[in-house]
file input.pdb (PDB, C-alpha atoms, pLDDT in the B column)
ATOM      1  CA  MET T   1       0.000   0.000   0.000  1.00 48.00           C
ATOM      2  CA  VAL T   2       1.387   3.431  -0.960  1.00 48.00           C
ATOM      3  CA  ARG T   3       1.427   5.791   2.000  1.00 73.00           C
ATOM      4  CA  ASN T   4       0.079   9.288   1.635  1.00 90.00           C
ATOM      5  CA  GLU T   5       2.639  11.400   3.537  1.00 93.00           C
ATOM      6  CA  ALA T   6       0.266  14.349   3.895  1.00 94.00           C
ATOM      7  CA  ARG T   7      -2.339  12.096   5.500  1.00 95.00           C
ATOM      8  CA  ARG T   8       0.311  10.481   7.724  1.00 96.00           C
ATOM      9  CA  THR T   9       1.369  13.942   8.929  1.00 97.00           C
ATOM     10  CA  SER T  10      -2.260  14.902   9.476  1.00 97.00           C
ATOM     11  CA  LEU T  11      -2.748  11.766  11.587  1.00 97.00           C
ATOM     12  CA  LEU T  12       0.333  12.576  13.660  1.00 98.00           C
ATOM     13  CA  ASP T  13      -0.864  16.137  14.186  1.00 98.00           C
ATOM     14  CA  ALA T  14      -4.242  14.740  15.268  1.00 98.00           C
ATOM     15  CA  ALA T  15      -2.454  12.366  17.664  1.00 98.00           C
ATOM     16  CA  ILE T  16      -0.596  15.337  19.173  1.00 98.00           C
ATOM     17  CA  ASP T  17      -3.910  17.135  19.704  1.00 98.00           C
ATOM     18  CA  VAL T  18      -5.445  14.040  21.291  1.00 98.00           C
ATOM     19  CA  LEU T  19      -2.466  13.653  23.632  1.00 97.00           C
ATOM     20  CA  ALA T  20      -2.674  17.328  24.606  1.00 96.00           C
ATOM     21  CA  GLU T  21      -6.435  17.223  25.174  1.00 96.00           C
ATOM     22  CA  GLU T  22      -7.027  13.746  26.603  1.00 96.00           C
ATOM     23  CA  GLY T  23      -3.662  12.402  27.724  1.00 94.00           C
ATOM     24  CA  ALA T  24      -1.980   9.145  26.803  1.00 91.00           C
ATOM     25  CA  ARG T  25      -4.958   7.047  27.901  1.00 92.00           C
ATOM     26  CA  GLY T  26      -7.154   8.856  25.401  1.00 95.00           C
ATOM     27  CA  LEU T  27      -4.752   8.217  22.531  1.00 96.00           C
ATOM     28  CA  THR T  28      -6.570   5.569  20.521  1.00 96.00           C
ATOM     29  CA  TYR T  29      -6.780   4.925  16.808  1.00 97.00           C
ATOM     30  CA  ARG T  30     -10.465   5.825  16.964  1.00 97.00           C
ATOM     31  CA  ALA T  31      -9.720   9.165  18.681  1.00 98.00           C
ATOM     32  CA  ILE T  32      -7.005   9.975  16.128  1.00 98.00           C
ATOM     33  CA  ASP T  33      -9.283   9.139  13.204  1.00 97.00           C
ATOM     34  CA  ALA T  34     -12.036  11.321  14.664  1.00 98.00           C
ATOM     35  CA  LYS T  35      -9.689  14.251  15.322  1.00 98.00           C
ATOM     36  CA  ALA T  36      -8.195  13.973  11.814  1.00 97.00           C
ATOM     37  CA  GLN T  37     -11.692  13.595  10.342  1.00 97.00           C
ATOM     38  CA  VAL T  38     -10.775  10.479   8.382  1.00 96.00           C
ATOM     39  CA  PRO T  39     -12.596   7.151   8.050  1.00 96.00           C
ATOM     40  CA  ALA T  40     -12.401   4.779  10.990  1.00 96.00           C
ATOM     41  CA  GLY T  41      -9.416   2.468  10.690  1.00 94.00           C
ATOM     42  CA  THR T  42      -7.203   4.952   8.857  1.00 95.00           C
ATOM     43  CA  ALA T  43      -4.696   5.487  11.669  1.00 96.00           C
ATOM     44  CA  SER T  44      -4.254   1.748  12.171  1.00 95.00           C
ATOM     45  CA  ASN T  45      -3.293   1.475   8.498  1.00 94.00           C
ATOM     46  CA  TYR T  46      -0.444   3.934   9.052  1.00 95.00           C
ATOM     47  CA  PHE T  47       0.836   2.837  12.466  1.00 95.00           C
ATOM     48  CA  ALA T  48       1.015  -0.875  13.203  1.00 92.00           C
ATOM     49  CA  ASN T  49       0.986  -0.535  16.991  1.00 92.00           C
ATOM     50  CA  ARG T  50       1.067   1.946  19.848  1.00 89.00           C
ATOM     51  CA  ASP T  51       4.877   1.897  20.129  1.00 86.00           C
ATOM     52  CA  GLU T  52       5.264   2.806  16.460  1.00 90.00           C
ATOM     53  CA  LEU T  53       2.637   5.530  16.830  1.00 93.00           C
ATOM     54  CA  MET T  54       4.307   6.997  19.944  1.00 91.00           C
ATOM     55  CA  SER T  55       7.713   6.947  18.280  1.00 89.00           C
ATOM     56  CA  ASN T  56       6.364   8.800  15.268  1.00 93.00           C
ATOM     57  CA  VAL T  57       4.518  11.279  17.483  1.00 95.00           C
ATOM     58  CA  MET T  58       7.804  12.038  19.309  1.00 92.00           C
ATOM     59  CA  THR T  59       9.491  12.775  15.999  1.00 91.00           C
ATOM     60  CA  ARG T  60       6.612  14.955  14.803  1.00 95.00           C
ATOM     61  CA  VAL T  61       6.543  16.926  18.072  1.00 95.00           C
ATOM     62  CA  HIS T  62      10.215  17.725  17.698  1.00 91.00           C
ATOM     63  CA  ASP T  63       9.790  18.657  14.036  1.00 92.00           C
ATOM     64  CA  ARG T  64       7.000  21.082  14.898  1.00 95.00           C
ATOM     65  CA  LEU T  65       8.936  22.662  17.760  1.00 92.00           C
ATOM     66  CA  MET T  66      12.148  23.270  15.840  1.00 92.00           C
ATOM     67  CA  PRO T  67      12.822  26.840  14.722  1.00 94.00           C
ATOM     68  CA  SER T  68      12.911  27.418  10.994  1.00 93.00           C
ATOM     69  CA  ASP T  69      16.303  27.631   9.318  1.00 94.00           C
ATOM     70  CA  GLU T  70      15.297  31.104   8.157  1.00 96.00           C
ATOM     71  CA  SER T  71      14.603  32.395  11.679  1.00 94.00           C
ATOM     72  CA  VAL T  72      17.877  30.935  12.970  1.00 95.00           C
ATOM     73  CA  ALA T  73      19.804  32.546  10.100  1.00 96.00           C
ATOM     74  CA  GLN T  74      18.149  35.906  10.808  1.00 96.00           C
ATOM     75  CA  SER T  75      19.058  35.643  14.472  1.00 96.00           C
ATOM     76  CA  LEU T  76      22.644  34.659  13.718  1.00 96.00           C
ATOM     77  CA  ALA T  77      23.019  37.847  11.669  1.00 96.00           C
ATOM     78  CA  LEU T  78      22.861  39.706  15.000  1.00 96.00           C
ATOM     79  CA  PRO T  79      25.846  40.182  17.326  1.00 97.00           C
ATOM     80  CA  ARG T  80      26.719  36.928  19.093  1.00 96.00           C
ATOM     81  CA  ASP T  81      26.322  38.166  22.631  1.00 96.00           C
ATOM     82  CA  ARG T  82      24.155  37.811  25.723  1.00 95.00           C
ATOM     83  CA  SER T  83      21.258  39.648  24.074  1.00 96.00           C
ATOM     84  CA  LEU T  84      21.188  37.069  21.282  1.00 97.00           C
ATOM     85  CA  THR T  85      20.965  34.291  23.862  1.00 97.00           C
ATOM     86  CA  VAL T  86      18.062  36.161  25.472  1.00 97.00           C
ATOM     87  CA  LYS T  87      16.426  36.441  22.030  1.00 97.00           C
ATOM     88  CA  PHE T  88      16.804  32.691  21.452  1.00 97.00           C
ATOM     89  CA  MET T  89      15.153  31.995  24.838  1.00 97.00           C
ATOM     90  CA  HIS T  90      12.252  34.318  23.979  1.00 96.00           C
ATOM     91  CA  ASP T  91      11.924  32.557  20.624  1.00 96.00           C
ATOM     92  CA  ILE T  92      11.512  29.247  22.476  1.00 95.00           C
ATOM     93  CA  ILE T  93       8.709  30.744  24.567  1.00 95.00           C
ATOM     94  CA  LYS T  94       7.037  32.161  21.457  1.00 94.00           C
ATOM     95  CA  ARG T  95       7.109  28.729  19.786  1.00 94.00           C
ATOM     96  CA  ALA T  96       5.666  27.172  22.946  1.00 94.00           C
ATOM     97  CA  ASP T  97       2.890  29.753  23.043  1.00 93.00           C
ATOM     98  CA  ALA T  98       2.183  29.220  19.343  1.00 95.00           C
ATOM     99  CA  ASP T  99       2.019  25.419  19.647  1.00 96.00           C
ATOM    100  CA  LYS T 100       0.887  24.593  23.163  1.00 96.00           C
ATOM    101  CA  ALA T 101      -0.458  21.230  22.030  1.00 96.00           C
ATOM    102  CA  CYS T 102       3.058  20.047  21.152  1.00 96.00           C
ATOM    103  CA  TYR T 103       4.440  20.895  24.569  1.00 94.00           C
ATOM    104  CA  LEU T 104       1.477  19.310  26.322  1.00 95.00           C
ATOM    105  CA  ALA T 105       1.873  16.214  24.133  1.00 96.00           C
ATOM    106  CA  MET T 106       5.561  16.106  25.055  1.00 94.00           C
ATOM    107  CA  MET T 107       4.588  16.213  28.734  1.00 93.00           C
ATOM    108  CA  GLU T 108       2.251  13.278  28.154  1.00 94.00           C
ATOM    109  CA  LEU T 109       5.011  11.383  26.341  1.00 93.00           C
ATOM    110  CA  ARG T 110       7.327  11.999  29.287  1.00 93.00           C
ATOM    111  CA  LEU T 111       4.718  10.693  31.714  1.00 93.00           C
ATOM    112  CA  GLU T 112       4.173   7.658  29.499  1.00 91.00           C
ATOM    113  CA  ALA T 113       7.959   7.136  29.510  1.00 92.00           C
ATOM    114  CA  THR T 114       7.861   6.643  33.279  1.00 94.00           C
ATOM    115  CA  ARG T 115       5.690   3.557  32.715  1.00 92.00           C
ATOM    116  CA  ARG T 116       7.051   2.205  29.450  1.00 90.00           C
ATOM    117  CA  PRO T 117      10.790   1.479  29.170  1.00 91.00           C
ATOM    118  CA  GLU T 118      10.799   1.461  25.351  1.00 88.00           C
ATOM    119  CA  ILE T 119       9.357   4.972  25.249  1.00 89.00           C
ATOM    120  CA  ARG T 120      11.758   6.075  27.967  1.00 92.00           C
ATOM    121  CA  GLN T 121      14.720   4.822  25.920  1.00 92.00           C
ATOM    122  CA  ALA T 122      13.522   6.494  22.722  1.00 88.00           C
ATOM    123  CA  LEU T 123      12.674   9.772  24.449  1.00 91.00           C
ATOM    124  CA  THR T 124      15.949   9.752  26.371  1.00 93.00           C
ATOM    125  CA  ARG T 125      17.869   9.347  23.095  1.00 92.00           C
ATOM    126  CA  THR T 126      15.865  12.142  21.499  1.00 90.00           C
ATOM    127  CA  ILE T 127      16.173  14.629  24.367  1.00 92.00           C
ATOM    128  CA  ALA T 128      19.849  13.828  25.000  1.00 95.00           C
ATOM    129  CA  GLY T 129      20.484  14.271  21.270  1.00 94.00           C
ATOM    130  CA  ASN T 130      18.686  17.616  21.311  1.00 93.00           C
ATOM    131  CA  ILE T 131      20.752  18.819  24.257  1.00 96.00           C
ATOM    132  CA  GLU T 132      23.966  17.787  22.490  1.00 97.00           C
ATOM    133  CA  ALA T 133      22.795  19.533  19.308  1.00 96.00           C
ATOM    134  CA  ASN T 134      22.091  22.690  21.322  1.00 96.00           C
ATOM    135  CA  VAL T 135      25.548  22.549  22.930  1.00 98.00           C
ATOM    136  CA  ALA T 136      27.159  22.094  19.503  1.00 98.00           C
ATOM    137  CA  PHE T 137      25.083  24.943  18.048  1.00 97.00           C
ATOM    138  CA  ASN T 138      26.128  27.243  20.898  1.00 97.00           C
ATOM    139  CA  GLU T 139      29.803  26.393  20.365  1.00 97.00           C
ATOM    140  CA  GLU T 140      29.723  26.572  16.556  1.00 97.00           C
ATOM    141  CA  SER T 141      27.792  29.844  16.632  1.00 96.00           C
ATOM    142  CA  LYS T 142      30.249  31.273  19.151  1.00 96.00           C
ATOM    143  CA  LEU T 143      27.479  32.289  21.513  1.00 97.00           C
ATOM    144  CA  PRO T 144      28.422  33.146  25.090  1.00 97.00           C
ATOM    145  CA  GLY T 145      28.568  30.378  27.647  1.00 96.00           C
ATOM    146  CA  ASP T 146      29.760  26.830  27.788  1.00 96.00           C
ATOM    147  CA  ARG T 147      28.152  23.408  27.918  1.00 97.00           C
ATOM    148  CA  MET T 148      26.763  23.960  31.426  1.00 96.00           C
ATOM    149  CA  THR T 149      25.237  27.264  30.286  1.00 97.00           C
ATOM    150  CA  VAL T 150      23.297  25.481  27.561  1.00 97.00           C
ATOM    151  CA  VAL T 151      22.251  22.617  29.828  1.00 97.00           C
ATOM    152  CA  SER T 152      21.175  25.013  32.605  1.00 97.00           C
ATOM    153  CA  LEU T 153      19.149  27.111  30.180  1.00 97.00           C
ATOM    154  CA  TYR T 154      17.568  23.993  28.694  1.00 96.00           C
ATOM    155  CA  PHE T 155      16.294  22.845  32.085  1.00 96.00           C
ATOM    156  CA  ALA T 156      15.294  26.353  33.175  1.00 96.00           C
ATOM    157  CA  MET T 157      13.327  26.985  29.976  1.00 96.00           C
ATOM    158  CA  THR T 158      11.683  23.560  30.075  1.00 95.00           C
ATOM    159  CA  GLY T 159      10.522  24.208  33.631  1.00 95.00           C
ATOM    160  CA  LEU T 160       9.302  27.710  32.805  1.00 96.00           C
ATOM    161  CA  ILE T 161       7.358  26.541  29.758  1.00 95.00           C
ATOM    162  CA  TYR T 162       5.752  23.632  31.591  1.00 93.00           C
ATOM    163  CA  GLU T 163       4.808  25.905  34.492  1.00 94.00           C
ATOM    164  CA  ARG T 164       3.246  28.432  32.103  1.00 94.00           C
ATOM    165  CA  LEU T 165       1.279  25.675  30.354  1.00 93.00           C
ATOM    166  CA  THR T 166       0.045  23.809  33.397  1.00 92.00           C
ATOM    167  CA  LEU T 167      -0.211  26.457  36.134  1.00 93.00           C
ATOM    168  CA  PRO T 168      -0.114  29.801  34.324  1.00 93.00           C
ATOM    169  CA  ASP T 169      -1.269  31.751  37.390  1.00 95.00           C
ATOM    170  CA  VAL T 170       1.996  30.862  39.150  1.00 93.00           C
ATOM    171  CA  VAL T 171       4.021  32.953  36.700  1.00 91.00           C
ATOM    172  CA  ALA T 172       1.298  35.378  35.568  1.00 92.00           C
ATOM    173  CA  THR T 173       2.411  38.127  37.947  1.00 93.00           C
ATOM    174  CA  MET T 174       6.073  37.816  36.976  1.00 93.00           C
ATOM    175  CA  ASP T 175       7.732  39.918  34.302  1.00 95.00           C
ATOM    176  CA  LEU T 176       8.597  37.277  31.689  1.00 94.00           C
ATOM    177  CA  ASP T 177      11.238  39.447  30.013  1.00 94.00           C
ATOM    178  CA  GLU T 178      12.993  40.072  33.307  1.00 96.00           C
ATOM    179  CA  LEU T 179      12.783  36.404  34.289  1.00 96.00           C
ATOM    180  CA  VAL T 180      14.369  35.254  31.016  1.00 96.00           C
ATOM    181  CA  GLU T 181      17.114  37.871  31.291  1.00 96.00           C
ATOM    182  CA  VAL T 182      17.921  36.801  34.862  1.00 96.00           C
ATOM    183  CA  MET T 183      17.998  33.132  33.817  1.00 97.00           C
ATOM    184  CA  VAL T 184      20.413  33.945  30.972  1.00 97.00           C
ATOM    185  CA  ASP T 185      22.586  36.182  33.197  1.00 96.00           C
ATOM    186  CA  ARG T 186      22.844  33.511  35.876  1.00 96.00           C
ATOM    187  CA  ALA T 187      23.549  30.743  33.377  1.00 96.00           C
ATOM    188  CA  ILE T 188      26.218  32.707  31.520  1.00 94.00           C
ATOM    189  CA  GLY T 189      27.778  33.887  34.764  1.00 82.00           C
TER     190      GLY T 189
END

call {"tool": "encode", "arguments": {"input": "input.pdb", "output": "structure tokens"}}
result
Amino acid sequence: MVRNEARRTSLLDAAIDVLAEEGARGLTYRAIDAKAQVPAGTASNYFANRDELMSNVMTRVHDRLMPSDESVAQSLALPRDRSLTVKFMHDIIKRADADKACYLAMMELRLEATRRPEIRQALTRTIAGNIEANVAFNEESKLPGDRMTVVSLYFAMTGLIYERLTLPDVVATMDLDELVEVMVDRAIG
């Protein structure tokens, strides 16, 4: 059977929405088909089992959350200093705000990883690879800070984004710009 890549992507995007709205327990082929508005049984034709589906969802989440090459190139045209690092952190928040479903789906995948070793292994490889790619990008781009700067900012931004998505009132009274600048200042040292 020839696979329709546009439909496959649509099914993965529907799966992300289902994860964000209903959690991992609500992620069924039937729910994906309904969300994607395709005939019943379509998702099962594209993903043989839940592990394959989850693996593909992880990849799609990361694809959707990545900045465009164009936006990175525009940013790298700026001076490679602390303010550029602050800009990159704000860009992460903007992408999170623009695609909340992806971050919520990632949270669900992480929770699922605590119960399923195969998902934990795949997600660990993916996240560890992303951290290494961020460290390499920081070094190659000659941005301020070292490996620990990048790792510290990764964990700080992840926590901030998750807090804003799950308990927005906790950070609602805080000045987001100031908070990001302080995080960058403390990480860079």

call {"tool": "resolve_selection", "arguments": {"input": "input.pdb", "expression": "the PyMOL selection byres ((chain T and resi 158-174) around 8)", "output": "list in words"}}
result
Ile93, Ala96, Lys100, Tyr103, Leu104, Tyr154, Phe155, Ala156, Met157, Asp175, Leu176 and Leu179 of chain T

call {"tool": "resolve_selection", "arguments": {"input": "input.pdb", "expression": "the PyMOL selection byres ((chain T and resi 90) around 12)", "output": "PyMOL selection string"}}
result
chain T and resi 67+75+83-89+91-97+153+157+160-161+176-181+183-184

call {"tool": "residues_around", "arguments": {"input": "input.pdb", "residues": "T:Arg30", "least_positions_apart": "3", "cutoff": "10 Å", "atoms": "all atoms listed in the file", "output": "PyMOL selection string"}}
result
chain T and resi 26-27+33-36+38-44

call {"tool": "residues_around", "arguments": {"input": "input.pdb", "residues": "T:Ile131", "least_positions_apart": "4", "cutoff": "7 Å", "atoms": "only C-alpha atoms", "output": "PyMOL selection string"}}
result
chain T and resi 127+135+151

call {"tool": "closest_residue", "arguments": {"input": "input.pdb", "among": "T:Glu70, T:Arg3, T:Met106, T:Asn56", "to": "T:Leu19", "atoms": "all atoms listed in the file"}}
result
T:Met106

call {"tool": "closest_residue", "arguments": {"input": "input.pdb", "among": "T:Leu53, T:Met58, T:Ile32, T:Val72", "to": "T:Ala122", "atoms": "only C-alpha atoms"}}
result
T:Met58

call {"tool": "atom_distance", "arguments": {"input": "input.pdb", "atom1": "atom CA of T:Leu78", "atom2": "atom CA of T:Asn138"}}
result
14.2 Å

call {"tool": "resolve_selection", "arguments": {"input": "input.pdb", "expression": "the PyMOL selection byres ((chain T and resi 105) around 9)", "output": "VMD selection string"}}
result
chain T and resid 15 to 21 23 to 24 57 to 58 61 100 to 104 106 to 110

call {"tool": "write_last_selection", "arguments": {"input": "input.pdb", "atoms": "C-alpha atoms", "output": "tab-separated table (two decimals), keeping the file's coordinate frame"}}
result
chain	number	residue	atom	x	y	z
T	15	ALA	CA	-2.45	12.37	17.66
T	16	ILE	CA	-0.60	15.34	19.17
T	17	ASP	CA	-3.91	17.14	19.70
T	18	VAL	CA	-5.44	14.04	21.29
T	19	LEU	CA	-2.47	13.65	23.63
T	20	ALA	CA	-2.67	17.33	24.61
T	21	GLU	CA	-6.44	17.22	25.17
T	23	GLY	CA	-3.66	12.40	27.72
T	24	ALA	CA	-1.98	9.14	26.80
T	57	VAL	CA	4.52	11.28	17.48
T	58	MET	CA	7.80	12.04	19.31
T	61	VAL	CA	6.54	16.93	18.07
T	100	LYS	CA	0.89	24.59	23.16
T	101	ALA	CA	-0.46	21.23	22.03
T	102	CYS	CA	3.06	20.05	21.15
T	103	TYR	CA	4.44	20.90	24.57
T	104	LEU	CA	1.48	19.31	26.32
T	106	MET	CA	5.56	16.11	25.06
T	107	MET	CA	4.59	16.21	28.73
T	108	GLU	CA	2.25	13.28	28.15
T	109	LEU	CA	5.01	11.38	26.34
T	110	ARG	CA	7.33	12.00	29.29

call {"tool": "atom_distance", "arguments": {"input": "input.pdb", "atom1": "atom CA of T:Met54", "atom2": "atom CA of T:Ile119"}}
result
7.6 Å

call {"tool": "axis_aligned_box", "arguments": {"input": "input.pdb", "around": "stretch 87-100 of chain T", "padding_each_side": "6 Å", "output": "JSON"}}
result
{"center_x": 8.8, "center_y": 30.5, "center_z": 22.1, "size_x": 27.9, "size_y": 23.8, "size_z": 17.5}

call {"tool": "closest_residue", "arguments": {"input": "input.pdb", "among": "T:Gln74, T:Arg64, T:Leu143, T:Tyr29", "to": "T:Asn49", "atoms": "all atoms listed in the file"}}
result
T:Tyr29

call {"tool": "atom_distance", "arguments": {"input": "input.pdb", "atom1": "atom CA of T:Arg60", "atom2": "atom CA of T:Leu12"}}
result
6.8 Å

call {"tool": "residues_near_point", "arguments": {"input": "input.pdb", "point": "(24.9, 22.2, 22.0)", "cutoff": "12 Å", "atoms": "only C-alpha atoms", "output": "ChimeraX atom specification"}}
result
/T:127-154
